[in-house]
Amino acid sequence: MMAHVPLFAHGQAKKVLIIGGGDGGMLREVCRHHYLDSITMVEIDAGVVEFCRQYLPNHHAGAYDDPRFKLVIDNGVNFVKTTSEKFDVIISDCTDPDGPGESLFTSEFYAGCARCLNEGGIFVAQNGVCFLQQDEAVNSHKKLSHYFVDSSFYQAAIPTYYGGIMTFAWATQNSALRQVPLTTLQQRFEDTAITCRYYTPAVHAGSFALPQYLLNALFGNP
């Protein structure tokens with residue numbers, strides 16, 4: 001959902017940036033979009049990549065060998081602040097905002113991502129289970145709203161994660177991208193010939209419907 005939702009919503013992406021994701025799973029899914037020109041992954045720990053490349057071959061499924069892939073060993077905040085490159089989609093495949101992942105939930109990071117997105121670009125990030133980590137979503141929304149015209153969330157069922165329903169931050173300067181017609185999503189999905197176990201265009205469209213308790217936390221009681 002972190003790969004396919006922004007890519008199918010964008011529809012014309014050519015360059016993707018993944019922050020984190022050293023296990024290769026996110027890269028694997030992004031690489032399934034064959035129309036992309038380049039995929040850059042910024043990972044802070046080269047050892048994670050080497051370990052996963054060797055010991056989790058079924059997880060990355062050969063994505064590390066995709067000719068479009070470029071690995072950068074760097075801190076994600078530093079990269080988005082200093083790179084001269086622009087991207088169509090940025091995916092922050094981060095841990096929770098504690099310890100090493102904390103910097104990827106800061107205003108500094110969000111400002112950097114806004115800076116290096118192309119016009120009409122989309123930023124998404126893992127944002128925890130909002131039923132249990134509501135403050136995390138509220139804080140992210142407040143910060144993202146300073147840099148993006150459209151800041152919201154979408155959700156997906158993650159059975160292996162405590163709490164079940166995970167929230168993903170969504171930010172872009174084009175609010176229409178959150179409301180791409182289902183027929184358009186269906187056509188884009190069919191054109192790629194990608195098959196998924198969870199994602200469908202209908203699931204994509206429905207994932208932006210947020211529970212009332214989260215809407216209340218973000219925007220106040222109706």
# chains A, B, ... in the order shown; residues from 1 in each chain; ligands from 1
>>> residues_around(residues="Leu71 of chain A", least_positions_apart="5", cutoff="12 Å", atoms="only C-alpha atoms", output="PyMOL selection string")
chain A and resi 17-22+24+27+38-46+49-50+63-66
>>> write_last_selection(atoms="N, CA, C and O atoms", output="CSV table (one decimal), in the first residue's frame")
chain,number,residue,atom,x,y,z
A,17,LEU,N,12.0,7.9,-4.8
A,17,LEU,CA,12.9,7.9,-3.7
A,17,LEU,C,12.3,7.2,-2.5
A,17,LEU,O,11.2,7.4,-2.1
A,18,ILE,N,13.1,6.2,-2.0
A,18,ILE,CA,12.7,5.4,-0.8
A,18,ILE,C,13.7,5.8,0.3
A,18,ILE,O,14.9,5.7,0.1
A,19,ILE,N,13.1,6.2,1.4
A,19,ILE,CA,13.9,6.5,2.6
A,19,ILE,C,13.8,5.3,3.6
A,19,ILE,O,12.7,5.0,4.0
A,20,GLY,N,14.9,4.7,3.9
A,20,GLY,CA,14.9,3.5,4.7
A,20,GLY,C,14.6,2.3,3.8
A,20,GLY,O,15.0,2.3,2.6
A,21,GLY,N,14.0,1.3,4.4
A,21,GLY,CA,13.6,0.1,3.5
A,21,GLY,C,14.7,-0.8,3.2
A,21,GLY,O,14.7,-1.5,2.1
A,22,GLY,N,15.8,-0.9,4.0
A,22,GLY,CA,16.9,-1.7,3.7
A,22,GLY,C,16.6,-3.2,3.6
A,22,GLY,O,17.5,-3.9,3.0
A,24,GLY,N,14.5,-4.4,1.7
A,24,GLY,CA,14.2,-4.6,0.2
A,24,GLY,C,12.8,-4.9,-0.1
A,24,GLY,O,12.5,-5.0,-1.3
A,27,LEU,N,11.3,-1.8,-2.0
A,27,LEU,CA,12.0,-1.7,-3.3
A,27,LEU,C,11.4,-2.8,-4.2
A,27,LEU,O,11.2,-2.5,-5.4
A,38,SER,N,14.0,5.6,-12.6
A,38,SER,CA,15.0,5.4,-11.6
A,38,SER,C,14.4,5.3,-10.2
A,38,SER,O,13.3,5.8,-9.9
A,39,ILE,N,15.1,4.5,-9.4
A,39,ILE,CA,14.6,4.2,-8.0
A,39,ILE,C,15.8,4.4,-7.1
A,39,ILE,O,16.8,3.6,-7.2
A,40,THR,N,15.8,5.4,-6.3
A,40,THR,CA,16.9,5.7,-5.3
A,40,THR,C,16.4,5.3,-3.9
A,40,THR,O,15.3,5.6,-3.5
A,41,MET,N,17.3,4.5,-3.2
A,41,MET,CA,17.0,4.2,-1.8
A,41,MET,C,18.1,4.7,-1.0
A,41,MET,O,19.3,4.5,-1.2
A,42,VAL,N,17.7,5.5,0.1
A,42,VAL,CA,18.6,6.0,1.0
A,42,VAL,C,18.5,5.3,2.3
A,42,VAL,O,17.4,5.3,3.0
A,43,GLU,N,19.6,4.6,2.7
A,43,GLU,CA,19.6,3.7,3.9
A,43,GLU,C,20.8,4.2,4.8
A,43,GLU,O,21.9,4.3,4.3
A,44,ILE,N,20.5,4.3,6.0
A,44,ILE,CA,21.6,4.8,6.9
A,44,ILE,C,22.6,3.8,7.3
A,44,ILE,O,23.7,4.1,7.6
A,45,ASP,N,22.3,2.5,7.1
A,45,ASP,CA,23.1,1.4,7.6
A,45,ASP,C,23.4,0.4,6.4
A,45,ASP,O,22.5,-0.3,6.0
A,46,ALA,N,24.6,0.5,5.9
A,46,ALA,CA,25.0,-0.4,4.7
A,46,ALA,C,24.9,-1.9,5.2
A,46,ALA,O,24.6,-2.8,4.4
A,49,VAL,N,21.5,-3.6,4.5
A,49,VAL,CA,21.3,-3.9,3.1
A,49,VAL,C,22.0,-5.2,2.8
A,49,VAL,O,21.5,-6.1,2.1
A,50,GLU,N,23.3,-5.3,3.2
A,50,GLU,CA,24.1,-6.5,2.9
A,50,GLU,C,23.5,-7.7,3.5
A,50,GLU,O,23.5,-8.8,2.9
A,63,ALA,N,15.3,-7.5,-6.3
A,63,ALA,CA,15.1,-6.0,-6.6
A,63,ALA,C,16.4,-5.3,-6.5
A,63,ALA,O,16.6,-4.3,-7.2
A,64,TYR,N,17.3,-5.7,-5.7
A,64,TYR,CA,18.6,-5.0,-5.5
A,64,TYR,C,19.4,-5.0,-6.8
A,64,TYR,O,20.3,-4.2,-7.0
A,65,ASP,N,19.1,-5.9,-7.7
A,65,ASP,CA,19.8,-6.0,-9.0
A,65,ASP,C,19.1,-5.3,-10.1
A,65,ASP,O,19.6,-5.4,-11.3
A,66,ASP,N,18.0,-4.7,-9.9
A,66,ASP,CA,17.3,-3.9,-10.9
A,66,ASP,C,18.2,-2.8,-11.4
A,66,ASP,O,18.8,-2.0,-10.6
>>> residues_around(residues="segment 126-133 of chain A", least_positions_apart="3", cutoff="6 Å", atoms="only C-alpha atoms", output="list in words")
Glu136, Ile165, Met166, Thr167, Phe168 and Ala169 of chain A
>>> atom_distance(atom1="atom CA of Thr83 of chain A", atom2="atom CA of Cys116 of chain A")
7.5 Å
>>> closest_residue(among="A:His146, A:His10, A:Arg32, A:His141", to="Gly121 of chain A", atoms="only C-alpha atoms")
A:His10
>>> atom_distance(atom1="atom CA of Cys94 of chain A", atom2="atom CA of Cys196 of chain A")
22.5 Å
>>> residues_around(residues="His204 of chain A", least_positions_apart="2", cutoff="9 Å", atoms="only C-alpha atoms", output="PyMOL selection string")
chain A and resi 1+4-5+8-9+154+182+185+199-202+206-208
>>> atom_distance(atom1="atom CA of Leu56 of chain A", atom2="atom CA of Asp23 of chain A")
7.7 Å
>>> select_by_dssp(residues="segment 68-209 of chain A", states="strand (DSSP E)", output="short mmCIF file (atom, residue, chain, number, x, y, z; two decimals) with all heavy atoms, in the first residue's frame")
data_model
loop_
_atom_site.label_atom_id
_atom_site.label_comp_id
_atom_site.auth_asym_id
_atom_site.auth_seq_id
_atom_site.Cartn_x
_atom_site.Cartn_y
_atom_site.Cartn_z
N PHE A 69 17.93 0.79 -10.04
CA PHE A 69 18.13 1.00 -8.61
C PHE A 69 19.47 1.63 -8.29
O PHE A 69 20.50 1.24 -8.83
CB PHE A 69 18.00 -0.35 -7.89
CG PHE A 69 18.41 -0.30 -6.45
CD1 PHE A 69 17.73 0.46 -5.53
CD2 PHE A 69 19.51 -1.04 -6.01
CE1 PHE A 69 18.11 0.50 -4.20
CE2 PHE A 69 19.91 -1.02 -4.67
CZ PHE A 69 19.20 -0.23 -3.77
N LYS A 70 19.44 2.61 -7.39
CA LYS A 70 20.67 3.23 -6.88
C LYS A 70 20.58 3.29 -5.36
O LYS A 70 19.59 3.79 -4.80
CB LYS A 70 20.85 4.63 -7.45
CG LYS A 70 22.12 5.34 -6.93
CD LYS A 70 22.32 6.70 -7.58
CE LYS A 70 21.32 7.72 -7.11
NZ LYS A 70 21.63 9.10 -7.61
N LEU A 71 21.62 2.80 -4.69
CA LEU A 71 21.67 2.83 -3.23
C LEU A 71 22.56 3.97 -2.77
O LEU A 71 23.67 4.15 -3.26
CB LEU A 71 22.22 1.50 -2.70
CG LEU A 71 22.44 1.42 -1.19
CD1 LEU A 71 21.12 1.53 -0.43
CD2 LEU A 71 23.16 0.11 -0.83
N VAL A 72 22.05 4.74 -1.81
CA VAL A 72 22.81 5.81 -1.19
C VAL A 72 22.86 5.55 0.31
O VAL A 72 21.81 5.38 0.95
CB VAL A 72 22.17 7.19 -1.44
CG1 VAL A 72 22.95 8.29 -0.73
CG2 VAL A 72 22.08 7.48 -2.94
N ILE A 73 24.05 5.47 0.87
CA ILE A 73 24.19 5.29 2.31
C ILE A 73 24.32 6.68 2.94
O ILE A 73 25.33 7.36 2.79
CB ILE A 73 25.41 4.41 2.66
CG1 ILE A 73 25.28 3.05 1.97
CG2 ILE A 73 25.55 4.26 4.16
CD1 ILE A 73 24.04 2.25 2.35
N PHE A 87 12.19 14.27 -7.28
CA PHE A 87 11.50 12.99 -7.38
C PHE A 87 9.99 13.19 -7.52
O PHE A 87 9.45 14.20 -7.08
CB PHE A 87 11.80 12.14 -6.14
CG PHE A 87 13.27 11.90 -5.92
CD1 PHE A 87 14.03 12.76 -5.13
CD2 PHE A 87 13.90 10.82 -6.53
CE1 PHE A 87 15.38 12.54 -4.94
CE2 PHE A 87 15.26 10.60 -6.35
CZ PHE A 87 16.00 11.46 -5.55
N ASP A 88 9.36 12.20 -8.12
CA ASP A 88 7.90 12.25 -8.30
C ASP A 88 7.17 11.65 -7.10
O ASP A 88 6.07 12.09 -6.76
CB ASP A 88 7.50 11.51 -9.57
CG ASP A 88 8.14 12.11 -10.80
OD1 ASP A 88 7.98 13.33 -11.01
OD2 ASP A 88 8.82 11.37 -11.55
N VAL A 89 7.77 10.64 -6.50
CA VAL A 89 7.18 9.99 -5.32
C VAL A 89 8.29 9.75 -4.31
O VAL A 89 9.37 9.27 -4.67
CB VAL A 89 6.51 8.65 -5.68
CG1 VAL A 89 6.11 7.87 -4.42
CG2 VAL A 89 5.26 8.89 -6.55
N ILE A 90 8.03 10.12 -3.05
CA ILE A 90 8.95 9.83 -1.95
C ILE A 90 8.23 8.94 -0.95
O ILE A 90 7.13 9.28 -0.49
CB ILE A 90 9.43 11.12 -1.25
CG1 ILE A 90 10.20 12.00 -2.23
CG2 ILE A 90 10.31 10.77 -0.05
CD1 ILE A 90 10.64 13.34 -1.64
N ILE A 91 8.84 7.81 -0.62
CA ILE A 91 8.27 6.85 0.33
C ILE A 91 9.19 6.76 1.53
O ILE A 91 10.35 6.35 1.40
CB ILE A 91 8.12 5.47 -0.32
CG1 ILE A 91 7.22 5.53 -1.56
CG2 ILE A 91 7.55 4.46 0.69
CD1 ILE A 91 7.23 4.26 -2.40
N SER A 92 8.70 7.15 2.68
CA SER A 92 9.49 7.06 3.92
C SER A 92 9.11 5.76 4.63
O SER A 92 8.11 5.70 5.34
CB SER A 92 9.23 8.27 4.81
OG SER A 92 10.01 8.18 5.99
N ASP A 93 9.92 4.74 4.39
CA ASP A 93 9.68 3.42 4.98
C ASP A 93 10.42 3.36 6.31
O ASP A 93 11.41 2.66 6.48
CB ASP A 93 10.18 2.33 4.02
CG ASP A 93 9.80 0.93 4.47
OD1 ASP A 93 8.99 0.80 5.40
OD2 ASP A 93 10.33 -0.03 3.89
N LEU A 117 10.59 17.32 -4.12
CA LEU A 117 9.52 16.71 -4.90
C LEU A 117 9.26 17.54 -6.16
O LEU A 117 9.23 18.77 -6.11
CB LEU A 117 8.22 16.65 -4.09
CG LEU A 117 7.93 15.41 -3.24
CD1 LEU A 117 6.63 15.60 -2.48
CD2 LEU A 117 7.88 14.14 -4.07
N ASN A 118 9.06 16.86 -7.26
CA ASN A 118 8.63 17.54 -8.47
C ASN A 118 7.21 18.07 -8.30
O ASN A 118 6.47 17.64 -7.41
CB ASN A 118 8.66 16.57 -9.66
CG ASN A 118 10.06 16.37 -10.21
OD1 ASN A 118 10.85 17.32 -10.29
ND2 ASN A 118 10.38 15.15 -10.61
N GLU A 119 6.82 18.98 -9.17
CA GLU A 119 5.45 19.49 -9.15
C GLU A 119 4.47 18.32 -9.32
O GLU A 119 4.65 17.47 -10.20
CB GLU A 119 5.25 20.50 -10.27
CG GLU A 119 3.89 21.15 -10.29
CD GLU A 119 3.75 22.21 -11.37
OE1 GLU A 119 4.76 22.51 -12.04
OE2 GLU A 119 2.63 22.73 -11.53
N GLY A 120 3.46 18.27 -8.46
CA GLY A 120 2.52 17.16 -8.53
C GLY A 120 3.04 15.89 -7.87
O GLY A 120 2.44 14.83 -8.01
N GLY A 121 4.16 15.99 -7.14
CA GLY A 121 4.74 14.83 -6.48
C GLY A 121 3.97 14.44 -5.22
O GLY A 121 3.16 15.22 -4.69
N ILE A 122 4.23 13.24 -4.72
CA ILE A 122 3.52 12.70 -3.57
C ILE A 122 4.53 12.17 -2.55
O ILE A 122 5.48 11.46 -2.92
CB ILE A 122 2.57 11.56 -3.98
CG1 ILE A 122 1.51 12.05 -4.96
CG2 ILE A 122 1.88 10.95 -2.74
CD1 ILE A 122 0.69 10.93 -5.59
N PHE A 123 4.30 12.50 -1.30
CA PHE A 123 5.07 11.96 -0.18
C PHE A 123 4.18 11.08 0.66
O PHE A 123 3.05 11.46 1.00
CB PHE A 123 5.62 13.10 0.69
CG PHE A 123 6.16 12.66 2.02
CD1 PHE A 123 7.45 12.16 2.13
CD2 PHE A 123 5.38 12.72 3.17
CE1 PHE A 123 7.96 11.74 3.36
CE2 PHE A 123 5.88 12.30 4.41
CZ PHE A 123 7.17 11.81 4.50
N VAL A 124 4.65 9.86 1.01
CA VAL A 124 3.93 8.99 1.93
C VAL A 124 4.91 8.45 2.96
O VAL A 124 6.12 8.37 2.72
CB VAL A 124 3.22 7.81 1.22
CG1 VAL A 124 2.16 8.32 0.24
CG2 VAL A 124 4.20 6.90 0.52
N ALA A 125 4.37 8.10 4.14
CA ALA A 125 5.23 7.59 5.21
C ALA A 125 4.44 6.69 6.14
O ALA A 125 3.24 6.88 6.36
CB ALA A 125 5.82 8.75 6.02
N GLN A 126 5.10 5.72 6.70
CA GLN A 126 4.53 4.90 7.77
C GLN A 126 4.24 5.81 8.94
O GLN A 126 5.07 6.58 9.37
CB GLN A 126 5.53 3.81 8.15
CG GLN A 126 5.05 2.81 9.17
CD GLN A 126 5.17 3.29 10.61
OE1 GLN A 126 4.16 3.33 11.32
NE2 GLN A 126 6.35 3.67 11.05
N ASP A 150 -2.03 19.68 0.59
CA ASP A 150 -2.91 18.58 0.96
C ASP A 150 -2.15 17.61 1.86
O ASP A 150 -1.19 16.96 1.43
CB ASP A 150 -3.42 17.85 -0.29
CG ASP A 150 -4.46 16.80 0.04
OD1 ASP A 150 -5.42 17.11 0.78
OD2 ASP A 150 -4.33 15.65 -0.41
N SER A 151 -2.57 17.51 3.11
CA SER A 151 -1.96 16.60 4.07
C SER A 151 -3.05 15.76 4.71
O SER A 151 -3.99 16.30 5.29
CB SER A 151 -1.21 17.40 5.14
OG SER A 151 -0.79 16.56 6.20
N SER A 152 -2.93 14.45 4.59
CA SER A 152 -3.95 13.58 5.15
C SER A 152 -3.33 12.21 5.46
O SER A 152 -2.12 12.09 5.60
CB SER A 152 -5.13 13.43 4.18
OG SER A 152 -6.21 12.75 4.78
N PHE A 153 -4.19 11.19 5.53
CA PHE A 153 -3.74 9.83 5.83
C PHE A 153 -4.57 8.83 5.04
O PHE A 153 -5.69 9.14 4.60
CB PHE A 153 -3.88 9.52 7.33
CG PHE A 153 -3.05 10.41 8.20
CD1 PHE A 153 -3.58 11.59 8.71
CD2 PHE A 153 -1.73 10.08 8.51
CE1 PHE A 153 -2.81 12.42 9.50
CE2 PHE A 153 -0.96 10.92 9.30
CZ PHE A 153 -1.51 12.09 9.80
N TYR A 154 -4.02 7.65 4.87
CA TYR A 154 -4.80 6.52 4.39
C TYR A 154 -4.42 5.32 5.24
O TYR A 154 -3.47 5.38 6.02
CB TYR A 154 -4.61 6.29 2.89
CG TYR A 154 -3.22 5.92 2.42
CD1 TYR A 154 -2.92 4.61 2.03
CD2 TYR A 154 -2.21 6.88 2.29
CE1 TYR A 154 -1.67 4.27 1.56
CE2 TYR A 154 -0.95 6.54 1.82
CZ TYR A 154 -0.69 5.24 1.46
OH TYR A 154 0.56 4.89 0.99
N GLN A 155 -5.18 4.23 5.13
CA GLN A 155 -5.01 3.12 6.05
C GLN A 155 -4.98 1.77 5.33
O GLN A 155 -5.46 1.64 4.20
CB GLN A 155 -6.15 3.11 7.08
CG GLN A 155 -6.19 4.34 7.96
CD GLN A 155 -7.22 4.23 9.06
OE1 GLN A 155 -8.38 3.90 8.81
NE2 GLN A 155 -6.82 4.50 10.29
N ALA A 156 -4.44 0.78 6.02
CA ALA A 156 -4.43 -0.59 5.51
C ALA A 156 -4.35 -1.55 6.68
O ALA A 156 -3.78 -1.22 7.74
CB ALA A 156 -3.26 -0.83 4.56
N ALA A 157 -4.92 -2.71 6.50
CA ALA A 157 -4.84 -3.76 7.51
C ALA A 157 -3.48 -4.43 7.44
O ALA A 157 -3.08 -4.94 6.39
CB ALA A 157 -5.94 -4.80 7.29
N ILE A 165 -4.69 -2.02 12.16
CA ILE A 165 -4.90 -1.04 11.11
C ILE A 165 -3.81 0.02 11.19
O ILE A 165 -3.73 0.78 12.14
CB ILE A 165 -6.28 -0.36 11.23
CG1 ILE A 165 -7.40 -1.42 11.20
CG2 ILE A 165 -6.47 0.65 10.10
CD1 ILE A 165 -7.47 -2.21 9.91
N MET A 166 -2.96 0.05 10.17
CA MET A 166 -1.86 1.00 10.16
C MET A 166 -2.22 2.24 9.35
O MET A 166 -2.94 2.16 8.35
CB MET A 166 -0.60 0.35 9.59
CG MET A 166 0.62 1.25 9.61
SD MET A 166 2.17 0.36 9.31
CE MET A 166 2.48 -0.29 10.95
N THR A 167 -1.73 3.38 9.80
CA THR A 167 -1.98 4.66 9.15
C THR A 167 -0.74 5.10 8.39
O THR A 167 0.37 4.97 8.88
CB THR A 167 -2.35 5.72 10.21
OG1 THR A 167 -3.45 5.25 10.99
CG2 THR A 167 -2.74 7.03 9.56
N PHE A 168 -0.95 5.66 7.20
CA PHE A 168 0.14 6.16 6.38
C PHE A 168 -0.08 7.64 6.10
O PHE A 168 -1.17 8.04 5.67
CB PHE A 168 0.22 5.40 5.05
CG PHE A 168 0.30 3.91 5.22
CD1 PHE A 168 -0.81 3.11 4.96
CD2 PHE A 168 1.46 3.30 5.66
CE1 PHE A 168 -0.75 1.74 5.12
CE2 PHE A 168 1.52 1.92 5.83
CZ PHE A 168 0.41 1.14 5.56
N ALA A 169 0.93 8.44 6.34
CA ALA A 169 0.84 9.86 6.03
C ALA A 169 0.85 10.06 4.52
O ALA A 169 1.52 9.33 3.78
CB ALA A 169 2.00 10.62 6.66
N TRP A 170 0.10 11.06 4.08
CA TRP A 170 -0.02 11.41 2.66
C TRP A 170 0.13 12.92 2.53
O TRP A 170 -0.53 13.67 3.25
CB TRP A 170 -1.38 10.97 2.17
CG TRP A 170 -1.80 11.52 0.83
CD1 TRP A 170 -2.34 12.76 0.58
CD2 TRP A 170 -1.74 10.85 -0.43
NE1 TRP A 170 -2.61 12.91 -0.76
CE2 TRP A 170 -2.26 11.75 -1.40
CE3 TRP A 170 -1.30 9.59 -0.83
CZ2 TRP A 170 -2.35 11.42 -2.74
CZ3 TRP A 170 -1.39 9.27 -2.17
CH2 TRP A 170 -1.90 10.17 -3.11
N ALA A 171 1.00 13.38 1.66
CA ALA A 171 1.18 14.81 1.49
C ALA A 171 1.54 15.14 0.05
O ALA A 171 2.36 14.45 -0.58
CB ALA A 171 2.26 15.33 2.43
N THR A 172 0.93 16.19 -0.48
CA THR A 172 1.16 16.61 -1.86
C THR A 172 0.69 18.05 -2.01
O THR A 172 -0.05 18.56 -1.17
CB THR A 172 0.41 15.69 -2.86
OG1 THR A 172 0.59 16.16 -4.19
CG2 THR A 172 -1.07 15.64 -2.54
#
>>> select_by_dssp(residues="chain A", states="alpha helix (DSSP H)", output="ChimeraX atom specification")
/A:4-10,25-31,46-55,57-60,76-82,107-115,134-144,182-192,201-206,212-219
>>> write_last_selection(atoms="C-alpha atoms", output="PDB file, in the first residue's frame")
ATOM      1  CA  HIS A   4       1.142   1.169  -5.064  1.00  0.00           C
ATOM      2  CA  VAL A   5      -1.160   3.874  -3.660  1.00  0.00           C
ATOM      3  CA  PRO A   6       1.117   6.858  -4.416  1.00  0.00           C
ATOM      4  CA  LEU A   7       2.347   5.419  -7.713  1.00  0.00           C
ATOM      5  CA  PHE A   8      -1.097   4.674  -9.102  1.00  0.00           C
ATOM      6  CA  ALA A   9      -2.435   7.972  -7.746  1.00  0.00           C
ATOM      7  CA  HIS A  10       0.367   9.874  -9.491  1.00  0.00           C
ATOM      8  CA  GLY A  25      10.510  -5.259   0.507  1.00  0.00           C
ATOM      9  CA  MET A  26       9.466  -1.744  -0.469  1.00  0.00           C
ATOM     10  CA  LEU A  27      12.001  -1.741  -3.277  1.00  0.00           C
ATOM     11  CA  ARG A  28      10.593  -5.031  -4.546  1.00  0.00           C
ATOM     12  CA  GLU A  29       7.095  -3.566  -4.872  1.00  0.00           C
ATOM     13  CA  VAL A  30       8.257  -0.298  -6.437  1.00  0.00           C
ATOM     14  CA  CYS A  31      10.316  -2.220  -8.995  1.00  0.00           C
ATOM     15  CA  ALA A  46      24.951  -0.409   4.745  1.00  0.00           C
ATOM     16  CA  GLY A  47      25.106  -3.514   6.928  1.00  0.00           C
ATOM     17  CA  VAL A  48      21.317  -3.841   6.881  1.00  0.00           C
ATOM     18  CA  VAL A  49      21.287  -3.922   3.089  1.00  0.00           C
ATOM     19  CA  GLU A  50      24.098  -6.468   2.860  1.00  0.00           C
ATOM     20  CA  PHE A  51      22.509  -8.700   5.485  1.00  0.00           C
ATOM     21  CA  CYS A  52      19.096  -8.632   3.814  1.00  0.00           C
ATOM     22  CA  ARG A  53      20.535  -9.066   0.343  1.00  0.00           C
ATOM     23  CA  GLN A  54      22.257 -12.252   1.498  1.00  0.00           C
ATOM     24  CA  TYR A  55      19.812 -13.755   3.962  1.00  0.00           C
ATOM     25  CA  PRO A  57      16.434 -13.340  -0.946  1.00  0.00           C
ATOM     26  CA  ASN A  58      12.713 -14.076  -1.090  1.00  0.00           C
ATOM     27  CA  HIS A  59      11.928 -10.739   0.552  1.00  0.00           C
ATOM     28  CA  HIS A  60      13.740  -8.478  -1.890  1.00  0.00           C
ATOM     29  CA  GLY A  76      17.538  10.484   5.231  1.00  0.00           C
ATOM     30  CA  VAL A  77      17.189  14.008   6.628  1.00  0.00           C
ATOM     31  CA  ASN A  78      20.594  15.008   5.292  1.00  0.00           C
ATOM     32  CA  PHE A  79      19.846  13.565   1.863  1.00  0.00           C
ATOM     33  CA  VAL A  80      16.568  15.411   1.289  1.00  0.00           C
ATOM     34  CA  LYS A  81      18.138  18.633   2.560  1.00  0.00           C
ATOM     35  CA  THR A  82      21.162  18.501   0.258  1.00  0.00           C
ATOM     36  CA  SER A 107       9.665  19.392  10.343  1.00  0.00           C
ATOM     37  CA  GLU A 108      13.211  19.444   8.989  1.00  0.00           C
ATOM     38  CA  PHE A 109      12.662  16.146   7.183  1.00  0.00           C
ATOM     39  CA  TYR A 110       9.233  17.105   5.841  1.00  0.00           C
ATOM     40  CA  ALA A 111      10.583  20.429   4.572  1.00  0.00           C
ATOM     41  CA  GLY A 112      13.379  18.592   2.771  1.00  0.00           C
ATOM     42  CA  CYS A 113      10.934  16.188   1.150  1.00  0.00           C
ATOM     43  CA  ALA A 114       8.754  19.071  -0.043  1.00  0.00           C
ATOM     44  CA  ARG A 115      11.879  20.719  -1.476  1.00  0.00           C
ATOM     45  CA  GLN A 134      -2.942   8.889  17.815  1.00  0.00           C
ATOM     46  CA  ASP A 135      -0.548  11.630  18.880  1.00  0.00           C
ATOM     47  CA  GLU A 136       1.894  10.437  16.250  1.00  0.00           C
ATOM     48  CA  ALA A 137      -0.642  11.059  13.483  1.00  0.00           C
ATOM     49  CA  VAL A 138      -1.719  14.418  14.924  1.00  0.00           C
ATOM     50  CA  ASN A 139       1.871  15.630  15.207  1.00  0.00           C
ATOM     51  CA  SER A 140       2.731  14.499  11.686  1.00  0.00           C
ATOM     52  CA  HIS A 141      -0.340  16.229  10.271  1.00  0.00           C
ATOM     53  CA  LYS A 142       0.494  19.522  11.986  1.00  0.00           C
ATOM     54  CA  LYS A 143       4.039  19.488  10.659  1.00  0.00           C
ATOM     55  CA  LEU A 144       3.194  18.328   7.130  1.00  0.00           C
ATOM     56  CA  LEU A 182     -11.855   4.702  -9.536  1.00  0.00           C
ATOM     57  CA  THR A 183     -12.108   4.165 -13.296  1.00  0.00           C
ATOM     58  CA  THR A 184      -8.745   5.919 -13.767  1.00  0.00           C
ATOM     59  CA  LEU A 185      -7.108   3.842 -11.036  1.00  0.00           C
ATOM     60  CA  GLN A 186      -8.546   0.681 -12.594  1.00  0.00           C
ATOM     61  CA  GLN A 187      -7.141   1.542 -16.022  1.00  0.00           C
ATOM     62  CA  ARG A 188      -3.684   2.337 -14.631  1.00  0.00           C
ATOM     63  CA  PHE A 189      -3.688  -0.896 -12.642  1.00  0.00           C
ATOM     64  CA  GLU A 190      -4.667  -2.966 -15.669  1.00  0.00           C
ATOM     65  CA  ASP A 191      -2.050  -1.253 -17.843  1.00  0.00           C
ATOM     66  CA  THR A 192       0.762  -2.357 -15.518  1.00  0.00           C
ATOM     67  CA  PRO A 201      -8.148   0.069  -7.109  1.00  0.00           C
ATOM     68  CA  ALA A 202     -11.268  -0.140  -4.925  1.00  0.00           C
ATOM     69  CA  VAL A 203      -9.162  -0.749  -1.797  1.00  0.00           C
ATOM     70  CA  HIS A 204      -7.025   2.233  -2.868  1.00  0.00           C
ATOM     71  CA  ALA A 205     -10.037   4.530  -3.096  1.00  0.00           C
ATOM     72  CA  GLY A 206     -11.532   3.305   0.171  1.00  0.00           C
ATOM     73  CA  GLN A 212     -14.318   9.386  13.037  1.00  0.00           C
ATOM     74  CA  TYR A 213     -12.029   9.326  16.077  1.00  0.00           C
ATOM     75  CA  LEU A 214      -9.071  10.202  13.859  1.00  0.00           C
ATOM     76  CA  LEU A 215     -11.001  12.924  12.050  1.00  0.00           C
ATOM     77  CA  ASN A 216     -11.956  14.363  15.442  1.00  0.00           C
ATOM     78  CA  ALA A 217      -8.347  14.325  16.583  1.00  0.00           C
ATOM     79  CA  LEU A 218      -7.152  16.020  13.411  1.00  0.00           C
ATOM     80  CA  PHE A 219      -9.906  18.544  12.796  1.00  0.00           C
TER      81      PHE A 219
END
>>> decode(residues="segment 75-79 of chain A", atoms="N, CA, C and O atoms", output="PDB file, in the first residue's frame")
ATOM      1  N   ASN A  75      22.080   9.554   5.978  1.00  0.00           N
ATOM      2  CA  ASN A  75      20.946   9.889   6.818  1.00  0.00           C
ATOM      3  C   ASN A  75      19.857  10.498   5.936  1.00  0.00           C
ATOM      4  O   ASN A  75      20.128  11.381   5.119  1.00  0.00           O
ATOM      5  N   GLY A  76      18.618  10.026   6.091  1.00  0.00           N
ATOM      6  CA  GLY A  76      17.538  10.484   5.231  1.00  0.00           C
ATOM      7  C   GLY A  76      17.301  11.977   5.291  1.00  0.00           C
ATOM      8  O   GLY A  76      17.037  12.626   4.270  1.00  0.00           O
ATOM      9  N   VAL A  77      17.393  12.569   6.484  1.00  0.00           N
ATOM     10  CA  VAL A  77      17.189  14.008   6.628  1.00  0.00           C
ATOM     11  C   VAL A  77      18.258  14.768   5.866  1.00  0.00           C
ATOM     12  O   VAL A  77      17.965  15.732   5.141  1.00  0.00           O
ATOM     13  N   ASN A  78      19.506  14.341   5.992  1.00  0.00           N
ATOM     14  CA  ASN A  78      20.594  15.008   5.292  1.00  0.00           C
ATOM     15  C   ASN A  78      20.422  14.913   3.784  1.00  0.00           C
ATOM     16  O   ASN A  78      20.664  15.885   3.057  1.00  0.00           O
ATOM     17  N   PHE A  79      19.982  13.752   3.307  1.00  0.00           N
ATOM     18  CA  PHE A  79      19.846  13.565   1.863  1.00  0.00           C
ATOM     19  C   PHE A  79      18.803  14.515   1.283  1.00  0.00           C
ATOM     20  O   PHE A  79      19.057  15.183   0.275  1.00  0.00           O
TER      21      PHE A  79
END
